[in-house]
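Colleague: For reference, the file my_file04.cif (mmCIF, C-alpha atoms) is included below:
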data_model
#
loop_
_atom_site.label_atom_id
_atom_site.label_comp_id
_atom_site.auth_asym_id
_atom_site.auth_seq_id
_atom_site.Cartn_x
_atom_site.Cartn_y
_atom_site.Cartn_z
CA MET Q 1 0.70 -0.47 -22.21
CA ILE Q 2 2.41 -2.07 -19.19
CA GLU Q 3 4.65 0.97 -18.79
CA THR Q 4 1.65 3.31 -18.91
CA PHE Q 5 -0.17 1.26 -16.27
CA LEU Q 6 2.92 1.26 -14.05
CA LEU Q 7 3.16 5.06 -14.18
CA LEU Q 8 -0.54 5.44 -13.38
CA LEU Q 9 -0.29 2.86 -10.58
CA ALA Q 10 2.67 4.62 -8.97
CA GLY Q 11 0.75 7.90 -8.86
CA HIS Q 12 -2.30 6.19 -7.40
CA LEU Q 13 -0.40 4.32 -4.68
CA LEU Q 14 1.54 7.38 -3.60
CA GLY Q 15 -1.57 9.55 -3.48
CA ASP Q 16 -3.93 7.03 -1.92
CA PHE Q 17 -1.55 5.74 0.76
CA VAL Q 18 1.80 7.45 1.28
CA PHE Q 19 0.49 11.03 0.98
CA GLN Q 20 -2.90 10.44 2.58
CA SER Q 21 -2.61 11.22 6.30
CA ASP Q 22 -5.07 10.25 9.00
CA ALA Q 23 -6.14 13.89 9.19
CA LEU Q 24 -6.89 13.96 5.47
CA ILE Q 25 -8.85 10.70 5.73
CA ALA Q 26 -11.02 12.29 8.41
CA ARG Q 27 -11.52 15.40 6.26
CA LYS Q 28 -12.75 13.29 3.33
CA GLN Q 29 -16.18 13.39 4.96
CA THR Q 30 -16.39 16.93 3.51
CA TRP Q 31 -16.39 17.95 -0.14
CA ARG Q 32 -13.28 20.09 0.43
CA GLY Q 33 -11.35 17.28 2.05
CA LEU Q 34 -12.29 14.84 -0.71
CA ALA Q 35 -11.33 17.39 -3.37
CA ASP Q 36 -7.95 17.93 -1.66
CA HIS Q 37 -7.28 14.19 -1.67
CA VAL Q 38 -8.17 13.80 -5.36
CA ALA Q 39 -6.03 16.84 -6.19
CA ILE Q 40 -3.04 15.18 -4.49
CA VAL Q 41 -3.60 11.94 -6.41
CA THR Q 42 -3.93 13.89 -9.66
CA VAL Q 43 -0.77 15.92 -9.13
CA LEU Q 44 1.24 12.82 -8.23
CA THR Q 45 -0.10 11.00 -11.28
CA LEU Q 46 0.96 13.90 -13.50
CA LEU Q 47 4.40 13.87 -11.86
CA MET Q 48 4.70 10.15 -12.61
CA LEU Q 49 3.57 10.62 -16.20
CA THR Q 50 5.69 13.77 -16.72
CA PRO Q 51 3.65 14.57 -19.86
CA THR Q 52 5.22 16.18 -22.91
CA ARG Q 53 1.85 16.53 -24.68
CA LEU Q 54 -1.43 18.04 -23.49
CA SER Q 55 -3.34 15.00 -24.79
CA ILE Q 56 -2.37 13.17 -21.61
CA LEU Q 57 -4.52 15.56 -19.56
CA GLY Q 58 -7.77 13.98 -20.84
CA PRO Q 59 -7.12 10.48 -19.42
CA VAL Q 60 -5.83 12.03 -16.18
CA ALA Q 61 -9.07 14.01 -15.85
CA ILE Q 62 -11.06 10.78 -16.29
CA MET Q 63 -8.96 9.17 -13.55
CA ALA Q 64 -9.55 12.13 -11.21
CA ALA Q 65 -13.31 12.16 -11.78
CA SER Q 66 -13.67 8.40 -11.25
CA HIS Q 67 -11.49 8.57 -8.12
CA PHE Q 68 -13.63 11.34 -6.67
CA ALA Q 69 -16.87 9.44 -7.40
CA MET Q 70 -15.64 6.14 -5.95
CA ASP Q 71 -14.20 7.74 -2.81
CA TRP Q 72 -17.43 9.69 -2.24
CA LEU Q 73 -19.40 6.45 -2.53
CA LYS Q 74 -17.06 4.67 -0.10
CA VAL Q 75 -17.08 7.46 2.48
CA HIS Q 76 -20.82 8.21 2.41
CA ARG Q 77 -22.39 4.86 1.51
CA LEU Q 78 -20.06 1.89 1.99
CA GLY Q 79 -18.31 2.71 5.26
CA ASP Q 80 -14.91 1.79 6.65
CA ARG Q 81 -14.98 -1.99 6.13
CA LEU Q 82 -12.56 -4.46 4.56
CA TRP Q 83 -14.83 -5.32 1.64
CA ALA Q 84 -15.49 -1.61 0.99
CA PHE Q 85 -11.75 -0.91 0.99
CA GLY Q 86 -11.22 -3.82 -1.41
CA LEU Q 87 -13.99 -2.67 -3.73
CA ASP Q 88 -12.64 0.88 -3.68
CA GLN Q 89 -9.17 -0.28 -4.73
CA VAL Q 90 -10.49 -2.71 -7.35
CA VAL Q 91 -12.47 0.08 -9.01
CA HIS Q 92 -9.48 2.46 -8.94
CA ILE Q 93 -7.16 -0.17 -10.43
CA ALA Q 94 -9.74 -1.18 -13.04
CA VAL Q 95 -9.96 2.44 -14.19
CA LEU Q 96 -6.16 2.61 -14.48
CA VAL Q 97 -6.12 -0.60 -16.53
CA GLY Q 98 -8.83 0.80 -18.79
CA LEU Q 99 -6.87 4.01 -19.31
CA ALA Q 100 -3.66 2.09 -20.05
CA VAL Q 101 -5.48 -0.07 -22.62
CA THR Q 102 -7.21 2.88 -24.26
CA TRP Q 103 -4.23 5.27 -24.21
CA PRO Q 104 -1.14 2.99 -24.14
CA GLU Q 105 0.95 5.74 -25.74
CA MET Q 106 0.95 7.83 -22.54
CA ALA Q 107 4.24 6.30 -21.44
CA SER Q 108 5.93 7.00 -24.76
CA GLN Q 109 4.60 10.56 -24.66
CA SER Q 110 6.01 11.13 -21.19
CA LEU Q 111 9.46 12.42 -20.31
CA TRP Q 112 10.53 8.83 -19.68
CA GLY Q 113 9.65 7.92 -23.26
CA LEU Q 114 12.27 10.38 -24.50
CA GLN Q 115 15.08 8.73 -22.53
CA PRO Q 116 17.51 6.17 -24.01
CA SER Q 117 16.25 2.60 -23.81
CA PRO Q 118 18.72 1.40 -21.10
CA LEU Q 119 17.71 4.28 -18.83
CA GLN Q 120 14.01 3.69 -19.50
CA VAL Q 121 14.08 0.09 -18.30
CA GLN Q 122 15.97 1.09 -15.17
CA ILE Q 123 13.37 3.76 -14.42
CA TYR Q 124 10.49 1.31 -14.88
CA ALA Q 125 12.23 -1.30 -12.73
CA ALA Q 126 12.73 1.31 -10.00
CA LEU Q 127 9.05 2.28 -10.21
CA ALA Q 128 8.10 -1.39 -9.88
CA VAL Q 129 10.13 -1.55 -6.65
CA LEU Q 130 8.48 1.68 -5.46
CA CYS Q 131 5.02 0.25 -6.09
CA GLY Q 132 5.97 -3.00 -4.36
CA GLY Q 133 7.23 -1.10 -1.35
CA VAL Q 134 4.02 0.90 -1.00
CA VAL Q 135 1.86 -2.21 -1.37
CA ALA Q 136 3.95 -4.20 1.11
CA VAL Q 137 4.26 -1.50 3.77
CA TRP Q 138 1.33 0.91 3.55
CA VAL Q 139 -1.36 -1.16 1.84
CA GLY Q 140 -0.39 -4.18 3.93
CA GLY Q 141 -0.85 -2.17 7.11
CA VAL Q 142 -4.40 -1.22 6.13
CA VAL Q 143 -5.39 -4.72 5.00
CA ILE Q 144 -3.95 -6.51 8.02
CA LYS Q 145 -5.50 -4.02 10.42
CA LYS Q 146 -8.94 -4.63 8.93
CA LEU Q 147 -8.42 -8.39 8.89
CA VAL Q 148 -7.51 -8.70 12.57
CA GLU Q 149 -9.92 -6.12 13.98
CA PRO Q 150 -12.72 -8.73 14.41
CA LEU Q 151 -10.25 -10.93 16.34
CA SER Q 152 -9.31 -8.21 18.80
CA PRO Q 153 -9.41 -9.47 22.41
CA ALA Q 154 -12.66 -8.26 23.98
CA GLY Q 155 -12.54 -5.42 26.47
CA ARG Q 156 -9.10 -4.11 25.46
CA ALA Q 157 -8.28 -0.56 24.44
CA ALA Q 158 -7.05 0.25 20.96
CA ASN Q 159 -3.34 0.82 21.52
CA THR Q 160 -1.65 -2.46 22.48
CA LEU Q 161 1.56 -2.96 20.55
CA LEU Q 162 1.08 -5.69 17.97
CA THR Q 163 3.27 -6.74 15.10
CA THR Q 164 0.81 -5.38 12.56
CA GLY Q 165 0.34 -2.07 14.27
CA VAL Q 166 -3.19 -3.14 15.22
CA ALA Q 167 -3.81 -2.82 18.91
CA SER Q 168 -6.38 -3.67 21.52
CA GLY Q 169 -4.93 -3.16 24.98
CA PRO Q 170 -3.34 -0.56 27.24
CA ILE Q 171 -0.31 1.31 26.00
CA VAL Q 172 2.83 -0.59 27.00
CA GLY Q 173 5.38 1.27 24.91
CA MET Q 174 5.88 4.04 22.40
CA PRO Q 175 2.75 5.41 20.74
CA ASN Q 176 2.29 3.91 17.23
CA ALA Q 177 5.35 1.70 17.75
CA GLY Q 178 3.40 -1.34 16.58
CA LYS Q 179 2.57 0.35 13.28
CA TYR Q 180 6.20 1.27 12.67
CA ILE Q 181 7.36 -2.23 13.61
CA GLY Q 182 4.93 -3.63 11.05
CA TRP Q 183 6.24 -1.23 8.41
CA LEU Q 184 9.84 -2.22 9.18
CA GLU Q 185 9.26 -5.97 9.12
CA ARG Q 186 7.38 -5.86 5.82
CA GLY Q 187 9.88 -3.45 4.30
CA LEU Q 188 12.81 -5.61 5.38
CA THR Q 189 11.10 -8.75 4.10
CA LEU Q 190 10.65 -7.11 0.70
CA THR Q 191 14.28 -5.99 0.73
CA PHE Q 192 15.66 -9.43 1.62
CA ILE Q 193 13.74 -11.06 -1.24
CA LEU Q 194 14.71 -8.44 -3.82
CA ILE Q 195 18.43 -8.57 -2.98
CA GLY Q 196 18.42 -12.36 -3.20
CA HIS Q 197 18.76 -13.24 0.48
CA PRO Q 198 15.48 -14.92 1.50
CA GLU Q 199 17.23 -16.47 4.50
CA GLY Q 200 17.10 -13.01 6.03
CA VAL Q 201 13.33 -13.37 6.32
CA GLY Q 202 13.80 -16.43 8.52
CA PHE Q 203 16.24 -14.52 10.70
CA LEU Q 204 13.81 -11.62 10.94
CA LEU Q 205 10.93 -13.88 11.90
CA ALA Q 206 13.06 -15.65 14.52
CA ALA Q 207 14.21 -12.36 16.01
CA LYS Q 208 10.63 -11.09 16.15
CA SER Q 209 9.48 -14.30 17.80
CA ILE Q 210 12.13 -13.99 20.50
CA LEU Q 211 11.22 -10.38 21.18
CA ARG Q 212 7.53 -11.31 21.34
CA PHE Q 213 7.96 -14.44 23.45
CA ARG Q 214 7.00 -12.76 26.72
CA ASP Q 215 3.79 -11.44 25.12
CA VAL Q 216 2.58 -14.90 24.11
CA GLN Q 217 3.83 -17.11 26.96
CA ASP Q 218 1.06 -16.22 29.42
CA GLN Q 219 -1.35 -19.16 29.30
CA ASN Q 220 -3.99 -17.07 31.06
CA ASP Q 221 -4.23 -14.79 28.05
CA ARG Q 222 -4.45 -17.27 25.19
CA HIS Q 223 -6.64 -14.96 23.11
CA GLN Q 224 -4.00 -12.23 23.15
CA ALA Q 225 -1.27 -14.72 22.23
CA GLU Q 226 -3.24 -16.12 19.31
CA TYR Q 227 -4.09 -12.60 18.17
CA ILE Q 228 -0.41 -11.64 18.07
CA ILE Q 229 0.58 -14.84 16.24
CA ILE Q 230 -2.12 -14.39 13.60
CA GLY Q 231 -1.07 -10.78 13.06
CA THR Q 232 2.57 -11.81 12.72
CA PHE Q 233 1.93 -14.48 10.11
CA LEU Q 234 -0.44 -12.22 8.17
CA SER Q 235 2.18 -9.48 8.10
CA PHE Q 236 5.02 -11.73 6.93
CA GLY Q 237 2.77 -13.62 4.51
CA TRP Q 238 1.58 -10.40 2.88
CA ALA Q 239 5.14 -9.08 2.58
CA LEU Q 240 6.41 -12.33 1.04
CA ALA Q 241 3.61 -12.42 -1.54
CA VAL Q 242 4.19 -8.79 -2.53
CA ALA Q 243 7.97 -9.32 -2.63
CA LEU Q 244 7.65 -12.23 -5.06
CA ALA Q 245 5.28 -10.26 -7.29
CA THR Q 246 7.65 -7.27 -7.21
CA GLN Q 247 10.59 -9.49 -8.05
CA ALA Q 248 8.72 -10.83 -11.09
CA ALA Q 249 7.88 -7.27 -12.19
CA VAL Q 250 11.50 -6.15 -11.89
CA LEU Q 251 12.69 -9.14 -13.92
CA HIS Q 252 10.28 -8.11 -16.66
CA TRP Q 253 12.44 -5.03 -17.27
CA LEU Q 254 15.77 -6.25 -15.95
CA PRO Q 255 15.94 -9.97 -16.85
CA LYS Q 256 18.83 -11.93 -15.40
CA GLY Q 257 21.75 -12.37 -17.73
#
Let's see the structure in the file written out as structure tokens.
Modeller:
Amino acid sequence: MIETFLLLLAGHLLGDFVFQSDALIARKQTWRGLADHVAIVTVLTLLMLTPTRLSILGPVAIMAASHFAMDWLKVHRLGDRLWAFGLDQVVHIAVLVGLAVTWPEMASQSLWGLQPSPLQVQIYAALAVLCGGVVAVWVGGVVIKKLVEPLSPAGRAANTLLTTGVASGPIVGMPNAGKYIGWLERGLTLTFILIGHPEGVGFLLAAKSILRFRDVQDQNDRHQAEYIIIGTFLSFGWALAVALATQAAVLHWLPKG
């Protein structure tokens, strides 16, 4: 059952975050755009499951239908808010859990289920790392952006470089640099934890603090300084939590010793 859920989760995360562009998000206001998004999620889920039997198509169809219904409700009724995003993801994950409980054999009926046991566990461990990376980098970016938006310094434009990629002032550097910096710091934090060098996180945080010192030293702009500090700690905190959860998942398939 756990293996089936992992395969379903990997397809969902890739389709809902990595392969969902800003342009596609905007197009989800239309039936065609929403259908395109659900089609991408469905195809990626099938690629993760790599089915060897047609019986897998039934549960995948249920996933696609529920995803379409929940996304339509979010886009047309709930709006672009943090609680709506959370509810949307909770419903999606709950459906995946239900499918994994009802059809736990999907993993054994997939191409992975035909592989030798040592290779299977390595594949599942790699998928756990993949899921952790998406949650740390892409999902973290969305969550942190929505968390800090209410704290945005009043009267600032939307493109100031911040550690989370959330911005509220005039452009002072490369477009979208803040978003990419946030991706890098969370990705590196996850990497340091998984390779067994947590001290690297401290080095990364220290380096980021030095680079950001000029942005927070102006006492006349305390709001901006506090905004940056909150974003920084939220970003690192999210990445650390996801890294520890990912590490536990990997050890489930590749225990030490």
Colleague: Quick one: which residues end up in the PyMOL selection byres ((chain Q and resi 64) around 10) for this structure, as a list in words?
Modeller: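 So the PyMOL selection byres ((chain Q and resi 64) around 10), applied here, picks out Ala35, Val38, Ala39, Ile40, Val41, Thr42, Val43, Thr45, Gly58, Pro59, Val60, Ala61, Ile62, Met63, Ala65, Ser66, His67, Phe68, Ala69 and His92 of chain Q.
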Colleague: Please measure the separation of CA of Asn176 (chain Q) and CA of Ala23 (chain Q), giving the value in Å to one decimal.
Modeller: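 So the two atoms, CA of Asn176 (chain Q) and CA of Ala23 (chain Q), lie 15.3 Å apart.
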Colleague: Please, what distance in Å, to one decimal, runs between CA of Ala94 (chain Q) and CA of Met70 (chain Q)?
Modeller: 11.8 Å
Colleague: Nearest residue to Ile228 (chain Q) out of Q:Gly113, Q:Pro118, Q:Gly182, Q:Gly133, using only C-alpha atoms?
Modeller: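 Smallest separation from Ile228 (chain Q) among the options: Q:Gly182.
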Colleague: Given all atoms listed in the file as the basis, pick out the residue of Q:Leu254, Q:Val90, Q:Met1, Q:Val242 nearest to Cys131 (chain Q).
Modeller: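 Of Q:Leu254, Q:Val90, Q:Met1, Q:Val242, the one nearest Cys131 (chain Q) is Q:Val242, counting all atoms listed in the file.
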Colleague: Nearest to Leu34 (chain Q) among Q:Thr232, Q:Gln224, Q:Gln20, Q:Thr246, with distances taken over all atoms listed in the file: which residue is it?
Modeller: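 Closest to Leu34 (chain Q) of all the choices is Q:Gln20.
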Colleague: Can you turn the PyMOL selection byres ((chain Q and resi 136) around 7) into a concrete residue list for this file, as a VMD selection string?
Modeller: chain Q and resid 132 to 135 137 to 140 186 to 187 238 to 239 242
Colleague: Just checking: using only C-alpha atoms, which residue out of Q:Met106, Q:Leu234, Q:Leu78, Q:Leu73 ends up closest to Leu57 (chain Q)?
Modeller: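 Among Q:Met106, Q:Leu234, Q:Leu78, Q:Leu73, it is Q:Met106 that comes nearest to Leu57 (chain Q).
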Colleague: Could you work out how far CA of Trp31 (chain Q) lies from CA of Asp88 (chain Q), giving the answer in Å with one decimal?
Modeller: 17.8 Å
Colleague: Smallest atom-to-atom distance to Lys146 (chain Q): which of Q:Leu49, Q:Leu240, Q:Val18, Q:Ala84, using only C-alpha atoms?
Modeller: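 That would be Q:Ala84, the residue with the smallest distance to Lys146 (chain Q).
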Colleague: Take the PyMOL selection byres ((chain Q and resi 125) around 10), run it mentally on this structure, and tell me the resulting residues as JSON, numbers by chain.
Modeller: {"Q": [3, 6, 119, 120, 121, 122, 123, 124, 126, 127, 128, 129, 130, 131, 246, 247, 249, 250, 251, 252, 253, 254]}
Colleague: Do you know which residues are at most 8 Å from Arg53 (chain Q) counting all atoms listed in the file, after dropping those on the same chain fewer than 3 positions away, and could you put them as a PyMOL selection string?
Modeller: chain Q and resi 56+109-110
Colleague: Given all atoms listed in the file as the basis, pick out the residue of Q:Phe236, Q:Leu82, Q:Ala243, Q:Pro116 nearest to His197 (chain Q).
Modeller: Q:Ala243
